>>> print(open('protein-v9.json').read())   # JSON, C-alpha atoms
[["chain", "number", "residue", "atom", "x", "y", "z"],
["A", 1, "MET", "CA", -140.75, -75.03, 31.67],
["A", 2, "VAL", "CA", -140.54, -75.22, 27.88],
["A", 3, "PRO", "CA", -138.11, -72.67, 26.43],
["A", 4, "LEU", "CA", -139.45, -69.90, 24.20],
["A", 5, "LYS", "CA", -137.39, -71.09, 21.22],
["A", 6, "VAL", "CA", -139.08, -74.52, 21.37],
["A", 7, "VAL", "CA", -142.54, -72.94, 21.37],
["A", 8, "GLN", "CA", -141.54, -70.66, 18.49],
["A", 9, "PHE", "CA", -140.22, -73.63, 16.52],
["A", 10, "LEU", "CA", -143.39, -75.63, 17.12],
["A", 11, "ALA", "CA", -145.66, -72.70, 16.21],
["A", 12, "LEU", "CA", -143.75, -72.07, 12.97],
["A", 13, "THR", "CA", -143.47, -75.72, 11.98],
["A", 14, "LEU", "CA", -147.04, -76.73, 12.79],
["A", 15, "THR", "CA", -148.48, -73.62, 11.12],
["A", 16, "ALA", "CA", -146.40, -74.34, 7.99],
["A", 17, "LEU", "CA", -147.61, -77.95, 7.99],
["A", 18, "ALA", "CA", -151.21, -76.77, 8.41],
["A", 19, "LEU", "CA", -150.77, -74.76, 5.21],
["A", 20, "VAL", "CA", -149.93, -77.87, 3.17],
["A", 21, "PRO", "CA", -153.41, -79.38, 2.66],
["A", 22, "SER", "CA", -155.27, -76.09, 2.27],
["A", 23, "GLY", "CA", -152.59, -74.84, -0.13],
["A", 24, "ALA", "CA", -152.87, -78.05, -2.15],
["A", 25, "HIS", "CA", -156.65, -77.62, -2.32],
["A", 26, "LEU", "CA", -156.27, -73.97, -3.36],
["A", 27, "PHE", "CA", -153.96, -74.81, -6.24],
["A", 28, "ALA", "CA", -156.12, -77.74, -7.37],
["A", 29, "LEU", "CA", -159.33, -75.65, -7.32],
["A", 30, "PRO", "CA", -159.06, -74.20, -10.87],
["A", 31, "ASN", "CA", -158.61, -77.69, -12.30],
["A", 32, "LYS", "CA", -161.43, -79.27, -10.28],
["A", 33, "ILE", "CA", -164.19, -76.68, -9.95],
["A", 34, "ASN", "CA", -165.79, -77.40, -13.34],
["A", 35, "LEU", "CA", -165.40, -81.18, -13.49],
["A", 36, "VAL", "CA", -168.52, -83.25, -14.10],
["A", 37, "ALA", "CA", -169.79, -85.23, -11.12],
["A", 38, "GLU", "CA", -168.13, -88.55, -11.92],
["A", 39, "GLN", "CA", -164.72, -86.96, -12.54],
["A", 40, "TYR", "CA", -164.99, -84.73, -9.47],
["A", 41, "PHE", "CA", -165.89, -87.60, -7.16],
["A", 42, "ILE", "CA", -163.02, -89.71, -8.50],
["A", 43, "THR", "CA", -160.66, -86.79, -7.92],
["A", 44, "GLN", "CA", -161.97, -86.31, -4.39],
["A", 45, "SER", "CA", -160.99, -89.88, -3.53],
["A", 46, "ILE", "CA", -157.31, -88.85, -3.48],
["A", 47, "TYR", "CA", -157.98, -87.00, -0.21],
["A", 48, "ARG", "CA", -158.85, -90.11, 1.79],
["A", 49, "GLY", "CA", -156.76, -90.08, 4.94],
["A", 50, "TRP", "CA", -156.10, -86.35, 4.83],
["A", 51, "SER", "CA", -158.30, -85.93, 7.89],
["A", 52, "LEU", "CA", -155.18, -86.84, 9.86],
["A", 53, "PHE", "CA", -153.94, -83.32, 9.08],
["A", 54, "GLY", "CA", -156.47, -82.25, 11.71],
["A", 55, "ILE", "CA", -153.88, -83.30, 14.28],
["A", 56, "VAL", "CA", -151.44, -80.79, 12.80],
["A", 57, "LEU", "CA", -154.10, -78.08, 12.77],
["A", 58, "PHE", "CA", -154.92, -78.58, 16.44],
["A", 59, "GLY", "CA", -151.19, -78.68, 17.17],
["A", 60, "ALA", "CA", -150.77, -75.35, 15.38],
["A", 61, "LEU", "CA", -153.68, -73.91, 17.34],
["A", 62, "ILE", "CA", -152.15, -74.96, 20.67],
["A", 63, "ALA", "CA", -148.61, -73.93, 19.71],
["A", 64, "ASN", "CA", -149.72, -70.46, 18.57],
["A", 65, "LEU", "CA", -151.75, -69.99, 21.74],
["A", 66, "ALA", "CA", -148.76, -71.08, 23.84],
["A", 67, "LEU", "CA", -146.56, -68.63, 21.94],
["A", 68, "ALA", "CA", -149.01, -65.79, 22.57],
["A", 69, "VAL", "CA", -149.06, -66.66, 26.27],
["A", 70, "PHE", "CA", -145.25, -66.71, 26.36],
["A", 71, "LEU", "CA", -145.12, -63.31, 24.66],
["A", 72, "ARG", "CA", -147.87, -61.49, 26.56],
["A", 73, "GLY", "CA", -146.74, -58.00, 27.45],
["A", 74, "ARG", "CA", -144.19, -57.91, 24.63],
["A", 75, "GLY", "CA", -146.04, -55.67, 22.17],
["A", 76, "ALA", "CA", -145.95, -56.56, 18.49],
["A", 77, "PRO", "CA", -144.58, -60.11, 18.88],
["A", 78, "PHE", "CA", -147.49, -60.89, 21.23],
["A", 79, "VAL", "CA", -150.08, -59.30, 18.94],
["A", 80, "LEU", "CA", -148.73, -61.23, 15.94],
["A", 81, "ALA", "CA", -148.70, -64.54, 17.84],
["A", 82, "LEU", "CA", -152.24, -63.89, 19.05],
["A", 83, "PHE", "CA", -153.31, -63.04, 15.49],
["A", 84, "ALA", "CA", -151.77, -66.32, 14.26],
["A", 85, "PHE", "CA", -153.71, -68.22, 16.93],
["A", 86, "LEU", "CA", -156.96, -66.46, 15.97],
["A", 87, "CYS", "CA", -156.36, -67.23, 12.28],
["A", 88, "ILE", "CA", -155.88, -70.92, 13.00],
["A", 89, "ALA", "CA", -159.03, -70.86, 15.14],
["A", 90, "LEU", "CA", -160.87, -69.21, 12.24],
["A", 91, "THR", "CA", -159.85, -72.06, 9.92],
["A", 92, "LEU", "CA", -161.62, -74.46, 12.27],
["A", 93, "VAL", "CA", -164.74, -72.28, 12.22],
["A", 94, "VAL", "CA", -164.71, -72.25, 8.40],
["A", 95, "PHE", "CA", -164.12, -76.00, 8.33],
["A", 96, "PHE", "CA", -167.05, -76.79, 10.62],
["A", 97, "ILE", "CA", -169.45, -74.37, 8.91],
["A", 98, "TRP", "CA", -168.74, -75.24, 5.25],
["A", 99, "THR", "CA", -166.26, -78.08, 4.70],
["A", 100, "TYR", "CA", -167.44, -80.66, 7.23],
["A", 101, "PRO", "CA", -171.15, -80.41, 6.28],
["A", 102, "ALA", "CA", -170.21, -80.99, 2.62],
["A", 103, "ASN", "CA", -168.17, -84.02, 3.63],
["A", 104, "GLN", "CA", -171.11, -85.36, 5.63],
["A", 105, "ALA", "CA", -173.72, -84.70, 2.93],
["A", 106, "THR", "CA", -171.63, -86.63, 0.40],
["A", 107, "SER", "CA", -170.41, -89.37, 2.76],
["A", 108, "ASN", "CA", -166.90, -88.01, 2.24],
["A", 109, "TRP", "CA", -167.43, -87.65, -1.50],
["A", 110, "THR", "CA", -168.57, -91.22, -2.11],
["A", 111, "MET", "CA", -172.26, -90.39, -2.70],
["A", 112, "ILE", "CA", -173.58, -87.85, -5.22],
["A", 113, "PRO", "CA", -176.54, -85.90, -3.76],
["A", 114, "ASP", "CA", -178.75, -83.65, -5.90],
["A", 115, "ASN", "CA", -177.07, -80.48, -4.57],
["A", 116, "TRP", "CA", -173.51, -81.77, -5.07],
["A", 117, "GLU", "CA", -172.49, -78.71, -7.15],
["A", 118, "GLN", "CA", -173.39, -76.33, -4.31],
["A", 119, "LEU", "CA", -171.56, -78.60, -1.87],
["A", 120, "ARG", "CA", -168.55, -78.67, -4.18],
["A", 121, "ARG", "CA", -168.44, -74.85, -4.26],
["A", 122, "GLU", "CA", -168.69, -74.65, -0.48],
["A", 123, "TRP", "CA", -166.02, -77.32, -0.03],
["A", 124, "GLU", "CA", -163.60, -75.85, -2.58],
["A", 125, "TYR", "CA", -163.99, -72.21, -1.56],
["A", 126, "SER", "CA", -163.83, -73.01, 2.16],
["A", 127, "HIS", "CA", -160.47, -74.67, 1.53],
["A", 128, "ALA", "CA", -159.34, -71.69, -0.55],
["A", 129, "ALA", "CA", -160.35, -69.30, 2.24],
["A", 130, "ASN", "CA", -158.54, -71.46, 4.77],
["A", 131, "ALA", "CA", -155.39, -71.42, 2.64],
["A", 132, "ALA", "CA", -155.40, -67.61, 2.74],
["A", 133, "VAL", "CA", -156.12, -67.50, 6.47],
["A", 134, "THR", "CA", -153.47, -70.13, 7.26],
["A", 135, "PHE", "CA", -150.95, -68.23, 5.15],
["A", 136, "ALA", "CA", -151.77, -65.08, 7.14],
["A", 137, "ALA", "CA", -151.21, -67.08, 10.34],
["A", 138, "PHE", "CA", -147.87, -68.34, 9.05],
["A", 139, "CYS", "CA", -146.75, -64.82, 8.11],
["A", 140, "ALA", "CA", -147.85, -63.49, 11.51],
["A", 141, "VAL", "CA", -146.09, -66.17, 13.53],
["A", 142, "THR", "CA", -142.95, -65.76, 11.41],
["A", 143, "LEU", "CA", -142.93, -62.01, 12.02],
["A", 144, "SER", "CA", -143.55, -62.61, 15.71],
["A", 145, "VAL", "CA", -140.53, -64.90, 15.91],
["A", 146, "LEU", "CA", -138.36, -62.46, 13.96],
["A", 147, "MET", "CA", -139.37, -59.53, 16.17],
["A", 148, "THR", "CA", -138.98, -61.32, 19.51],
["A", 149, "ARG", "CA", -136.01, -60.31, 21.58],
["A", 150, "GLU", "CA", -134.76, -62.73, 24.17],
["A", 151, "ARG", "CA", -134.87, -61.68, 27.79],
["A", 152, "THR", "CA", -131.66, -61.88, 29.76],
["A", 153, "PRO", "CA", -131.63, -63.68, 33.12],
["A", 154, "SER", "CA", -131.76, -60.28, 34.87],
["A", 155, "GLY", "CA", -135.09, -59.59, 33.16],
["A", 156, "GLY", "CA", -133.77, -57.11, 30.61],
["A", 157, "VAL", "CA", -133.86, -57.46, 26.86],
["A", 158, "GLY", "CA", -130.83, -58.96, 25.15],
["A", 159, "VAL", "CA", -129.97, -59.20, 21.50],
["A", 160, "THR", "CA", -131.40, -61.87, 19.25],
["A", 161, "SER", "CA", -129.18, -64.09, 17.21],
["A", 162, "GLY", "CA", -127.76, -62.28, 14.22],
["A", 163, "GLU", "CA", -128.04, -58.87, 15.88],
["A", 164, "ARG", "CA", -124.99, -56.86, 16.82],
["A", 165, "PRO", "CA", -125.07, -54.68, 19.92],
["A", 166, "HIS", "CA", -124.71, -50.97, 19.26]]
>>> encode(input="protein-v9.json", output="structure tokens")
Amino acid sequence: MVPLKVVQFLALTLTALALVPSGAHLFALPNKINLVAEQYFITQSIYRGWSLFGIVLFGALIANLALAVFLRGRGAPFVLALFAFLCIALTLVVFFIWTYPANQATSNWTMIPDNWEQLRREWEYSHAANAAVTFAAFCAVTLSVLMTRERTPSGGVGVTSGERPH
């Protein structure tokens, strides 16, 4: 069986890594949202290959679900881990409703359709929303880890590292 600390580490690390691309998109948005078509499409070409981050996102989804399963029955740490899992799941819903269709309609931003400005808004704001949701997931999983007390072999609750017994 995988130890709780390993699952916590994976959930934290993969959720943090999932924040990287959406955070980058969020901070680039103000500089890109009003570009003319040619400039915008050139700028979009820098994201080629970023689809590989999907692996990290699915890893974060699985790790946060595993953490919630590990923590079931443990109150707030469980609820926070479950919330982190649901947030990561929500990012996939947002991606497949708004981001992916824009990618498809533009052949991954290599073809300029008539409605490209609407597609740009959907693409940019879906990434901005996902940055906020992924940040919420990261905060939730971090709090879950910080609040989790280790169980002793006898089934009781022990102290976490850094805590002093009273």
>>> closest_residue(input="protein-v9.json", among="A:Asn31, A:Thr142, A:Gln44, A:Thr99", to="Gln118 of chain A", atoms="only C-alpha atoms")
A:Thr99
>>> atom_distance(input="protein-v9.json", atom1="atom CA of Trp98 of chain A", atom2="atom CA of Phe27 of chain A")
18.7 Å
>>> residues_near_point(input="protein-v9.json", point="(-141.5, -69.1, 16.1)", cutoff="6 Å", atoms="only C-alpha atoms", output="list in words")
Gln8, Phe9, Ala11, Leu12, Thr142 and Val145 of chain A
>>> atom_distance(input="protein-v9.json", atom1="atom CA of Tyr125 of chain A", atom2="atom CA of Phe95 of chain A")
10.6 Å
>>> atom_distance(input="protein-v9.json", atom1="atom CA of Leu19 of chain A", atom2="atom CA of Phe135 of chain A")
6.5 Å
>>> residues_near_point(input="protein-v9.json", point="(-151.9, -64.6, 16.1)", cutoff="10 Å", atoms="all atoms listed in the file", output="PDB file with C-alpha atoms, in the coordinates of the input")
ATOM      1  CA  LEU A  61    -153.680 -73.910  17.340  1.00  0.00           C
ATOM      2  CA  ASN A  64    -149.720 -70.460  18.570  1.00  0.00           C
ATOM      3  CA  LEU A  65    -151.750 -69.990  21.740  1.00  0.00           C
ATOM      4  CA  LEU A  67    -146.560 -68.630  21.940  1.00  0.00           C
ATOM      5  CA  ALA A  68    -149.010 -65.790  22.570  1.00  0.00           C
ATOM      6  CA  PRO A  77    -144.580 -60.110  18.880  1.00  0.00           C
ATOM      7  CA  PHE A  78    -147.490 -60.890  21.230  1.00  0.00           C
ATOM      8  CA  VAL A  79    -150.080 -59.300  18.940  1.00  0.00           C
ATOM      9  CA  LEU A  80    -148.730 -61.230  15.940  1.00  0.00           C
ATOM     10  CA  ALA A  81    -148.700 -64.540  17.840  1.00  0.00           C
ATOM     11  CA  LEU A  82    -152.240 -63.890  19.050  1.00  0.00           C
ATOM     12  CA  PHE A  83    -153.310 -63.040  15.490  1.00  0.00           C
ATOM     13  CA  ALA A  84    -151.770 -66.320  14.260  1.00  0.00           C
ATOM     14  CA  PHE A  85    -153.710 -68.220  16.930  1.00  0.00           C
ATOM     15  CA  LEU A  86    -156.960 -66.460  15.970  1.00  0.00           C
ATOM     16  CA  CYS A  87    -156.360 -67.230  12.280  1.00  0.00           C
ATOM     17  CA  ILE A  88    -155.880 -70.920  13.000  1.00  0.00           C
ATOM     18  CA  ALA A  89    -159.030 -70.860  15.140  1.00  0.00           C
ATOM     19  CA  ALA A 136    -151.770 -65.080   7.140  1.00  0.00           C
ATOM     20  CA  ALA A 137    -151.210 -67.080  10.340  1.00  0.00           C
ATOM     21  CA  PHE A 138    -147.870 -68.340   9.050  1.00  0.00           C
ATOM     22  CA  CYS A 139    -146.750 -64.820   8.110  1.00  0.00           C
ATOM     23  CA  ALA A 140    -147.850 -63.490  11.510  1.00  0.00           C
ATOM     24  CA  VAL A 141    -146.090 -66.170  13.530  1.00  0.00           C
ATOM     25  CA  SER A 144    -143.550 -62.610  15.710  1.00  0.00           C
TER      26      SER A 144
END
>>> residues_around(input="protein-v9.json", residues="segment 55-59 of chain A", least_positions_apart="3", cutoff="8 Å", atoms="only C-alpha atoms", output="tab-separated table (two decimals) with C-alpha atoms, in the frame of the given file")
chain	number	residue	atom	x	y	z
A	14	LEU	CA	-147.04	-76.73	12.79
A	15	THR	CA	-148.48	-73.62	11.12
A	17	LEU	CA	-147.61	-77.95	7.99
A	18	ALA	CA	-151.21	-76.77	8.41
A	52	LEU	CA	-155.18	-86.84	9.86
A	62	ILE	CA	-152.15	-74.96	20.67
A	63	ALA	CA	-148.61	-73.93	19.71
A	88	ILE	CA	-155.88	-70.92	13.00
>>> build_atoms(input="protein-v9.json", residues="segment 104-135 of chain A", atoms="N, CA and C atoms", output="PDB file, in the coordinates of the input")
ATOM      1  N   GLN A 104    -170.052 -84.518   5.076  1.00  0.00           N
ATOM      2  CA  GLN A 104    -171.110 -85.360   5.630  1.00  0.00           C
ATOM      3  C   GLN A 104    -172.218 -85.612   4.609  1.00  0.00           C
ATOM      4  N   ALA A 105    -172.614 -84.570   3.894  1.00  0.00           N
ATOM      5  CA  ALA A 105    -173.720 -84.700   2.930  1.00  0.00           C
ATOM      6  C   ALA A 105    -173.359 -85.619   1.762  1.00  0.00           C
ATOM      7  N   THR A 106    -172.075 -85.788   1.511  1.00  0.00           N
ATOM      8  CA  THR A 106    -171.630 -86.630   0.400  1.00  0.00           C
ATOM      9  C   THR A 106    -170.984 -87.931   0.875  1.00  0.00           C
ATOM     10  N   SER A 107    -171.098 -88.200   2.167  1.00  0.00           N
ATOM     11  CA  SER A 107    -170.410 -89.370   2.760  1.00  0.00           C
ATOM     12  C   SER A 107    -168.937 -89.368   2.354  1.00  0.00           C
ATOM     13  N   ASN A 108    -168.307 -88.224   2.608  1.00  0.00           N
ATOM     14  CA  ASN A 108    -166.900 -88.010   2.240  1.00  0.00           C
ATOM     15  C   ASN A 108    -166.649 -88.242   0.754  1.00  0.00           C
ATOM     16  N   TRP A 109    -167.551 -87.689  -0.047  1.00  0.00           N
ATOM     17  CA  TRP A 109    -167.430 -87.650  -1.500  1.00  0.00           C
ATOM     18  C   TRP A 109    -167.482 -89.040  -2.118  1.00  0.00           C
ATOM     19  N   THR A 110    -168.340 -89.895  -1.535  1.00  0.00           N
ATOM     20  CA  THR A 110    -168.570 -91.220  -2.110  1.00  0.00           C
ATOM     21  C   THR A 110    -170.014 -91.361  -2.600  1.00  0.00           C
ATOM     22  N   MET A 111    -170.852 -90.370  -2.301  1.00  0.00           N
ATOM     23  CA  MET A 111    -172.260 -90.390  -2.700  1.00  0.00           C
ATOM     24  C   MET A 111    -172.586 -89.043  -3.352  1.00  0.00           C
ATOM     25  N   ILE A 112    -173.284 -89.068  -4.474  1.00  0.00           N
ATOM     26  CA  ILE A 112    -173.580 -87.850  -5.220  1.00  0.00           C
ATOM     27  C   ILE A 112    -175.016 -87.394  -4.920  1.00  0.00           C
ATOM     28  N   PRO A 113    -175.192 -86.413  -4.025  1.00  0.00           N
ATOM     29  CA  PRO A 113    -176.540 -85.900  -3.760  1.00  0.00           C
ATOM     30  C   PRO A 113    -176.964 -84.926  -4.859  1.00  0.00           C
ATOM     31  N   ASP A 114    -178.237 -84.565  -4.873  1.00  0.00           N
ATOM     32  CA  ASP A 114    -178.750 -83.650  -5.900  1.00  0.00           C
ATOM     33  C   ASP A 114    -178.050 -82.293  -5.875  1.00  0.00           C
ATOM     34  N   ASN A 115    -177.685 -81.808  -4.691  1.00  0.00           N
ATOM     35  CA  ASN A 115    -177.070 -80.480  -4.570  1.00  0.00           C
ATOM     36  C   ASN A 115    -175.542 -80.560  -4.519  1.00  0.00           C
ATOM     37  N   TRP A 116    -174.955 -81.554  -5.162  1.00  0.00           N
ATOM     38  CA  TRP A 116    -173.510 -81.770  -5.070  1.00  0.00           C
ATOM     39  C   TRP A 116    -172.711 -80.583  -5.588  1.00  0.00           C
ATOM     40  N   GLU A 117    -173.241 -79.853  -6.604  1.00  0.00           N
ATOM     41  CA  GLU A 117    -172.490 -78.710  -7.150  1.00  0.00           C
ATOM     42  C   GLU A 117    -172.372 -77.596  -6.124  1.00  0.00           C
ATOM     43  N   GLN A 118    -173.442 -77.334  -5.384  1.00  0.00           N
ATOM     44  CA  GLN A 118    -173.390 -76.330  -4.310  1.00  0.00           C
ATOM     45  C   GLN A 118    -172.412 -76.792  -3.223  1.00  0.00           C
ATOM     46  N   LEU A 119    -172.477 -78.058  -2.868  1.00  0.00           N
ATOM     47  CA  LEU A 119    -171.560 -78.600  -1.870  1.00  0.00           C
ATOM     48  C   LEU A 119    -170.111 -78.526  -2.338  1.00  0.00           C
ATOM     49  N   ARG A 120    -169.899 -78.782  -3.631  1.00  0.00           N
ATOM     50  CA  ARG A 120    -168.550 -78.670  -4.180  1.00  0.00           C
ATOM     51  C   ARG A 120    -168.031 -77.245  -4.041  1.00  0.00           C
ATOM     52  N   ARG A 121    -168.864 -76.260  -4.394  1.00  0.00           N
ATOM     53  CA  ARG A 121    -168.440 -74.850  -4.260  1.00  0.00           C
ATOM     54  C   ARG A 121    -168.089 -74.527  -2.817  1.00  0.00           C
ATOM     55  N   GLU A 122    -168.952 -74.929  -1.894  1.00  0.00           N
ATOM     56  CA  GLU A 122    -168.690 -74.650  -0.480  1.00  0.00           C
ATOM     57  C   GLU A 122    -167.404 -75.327  -0.023  1.00  0.00           C
ATOM     58  N   TRP A 123    -167.202 -76.565  -0.431  1.00  0.00           N
ATOM     59  CA  TRP A 123    -166.020 -77.320  -0.030  1.00  0.00           C
ATOM     60  C   TRP A 123    -164.759 -76.680  -0.613  1.00  0.00           C
ATOM     61  N   GLU A 124    -164.784 -76.412  -1.909  1.00  0.00           N
ATOM     62  CA  GLU A 124    -163.600 -75.850  -2.580  1.00  0.00           C
ATOM     63  C   GLU A 124    -163.258 -74.453  -2.065  1.00  0.00           C
ATOM     64  N   TYR A 125    -164.264 -73.590  -1.972  1.00  0.00           N
ATOM     65  CA  TYR A 125    -163.990 -72.210  -1.560  1.00  0.00           C
ATOM     66  C   TYR A 125    -163.686 -72.101  -0.069  1.00  0.00           C
ATOM     67  N   SER A 126    -164.203 -73.028   0.741  1.00  0.00           N
ATOM     68  CA  SER A 126    -163.830 -73.010   2.160  1.00  0.00           C
ATOM     69  C   SER A 126    -162.360 -73.393   2.308  1.00  0.00           C
ATOM     70  N   HIS A 127    -161.893 -74.324   1.496  1.00  0.00           N
ATOM     71  CA  HIS A 127    -160.470 -74.670   1.530  1.00  0.00           C
ATOM     72  C   HIS A 127    -159.612 -73.511   1.004  1.00  0.00           C
ATOM     73  N   ALA A 128    -160.084 -72.835  -0.022  1.00  0.00           N
ATOM     74  CA  ALA A 128    -159.340 -71.690  -0.550  1.00  0.00           C
ATOM     75  C   ALA A 128    -159.248 -70.584   0.506  1.00  0.00           C
ATOM     76  N   ALA A 129    -160.362 -70.308   1.172  1.00  0.00           N
ATOM     77  CA  ALA A 129    -160.350 -69.300   2.240  1.00  0.00           C
ATOM     78  C   ALA A 129    -159.395 -69.722   3.350  1.00  0.00           C
ATOM     79  N   ASN A 130    -159.430 -70.997   3.706  1.00  0.00           N
ATOM     80  CA  ASN A 130    -158.540 -71.460   4.770  1.00  0.00           C
ATOM     81  C   ASN A 130    -157.075 -71.397   4.369  1.00  0.00           C
ATOM     82  N   ALA A 131    -156.779 -71.572   3.099  1.00  0.00           N
ATOM     83  CA  ALA A 131    -155.390 -71.420   2.640  1.00  0.00           C
ATOM     84  C   ALA A 131    -154.928 -69.985   2.873  1.00  0.00           C
ATOM     85  N   ALA A 132    -155.765 -69.021   2.537  1.00  0.00           N
ATOM     86  CA  ALA A 132    -155.400 -67.610   2.740  1.00  0.00           C
ATOM     87  C   ALA A 132    -155.252 -67.291   4.227  1.00  0.00           C
ATOM     88  N   VAL A 133    -156.168 -67.784   5.035  1.00  0.00           N
ATOM     89  CA  VAL A 133    -156.120 -67.500   6.470  1.00  0.00           C
ATOM     90  C   VAL A 133    -154.917 -68.197   7.116  1.00  0.00           C
ATOM     91  N   THR A 134    -154.626 -69.415   6.709  1.00  0.00           N
ATOM     92  CA  THR A 134    -153.470 -70.130   7.260  1.00  0.00           C
ATOM     93  C   THR A 134    -152.171 -69.463   6.821  1.00  0.00           C
ATOM     94  N   PHE A 135    -152.130 -68.965   5.600  1.00  0.00           N
ATOM     95  CA  PHE A 135    -150.950 -68.230   5.150  1.00  0.00           C
ATOM     96  C   PHE A 135    -150.766 -66.959   5.977  1.00  0.00           C
TER      97      PHE A 135
END
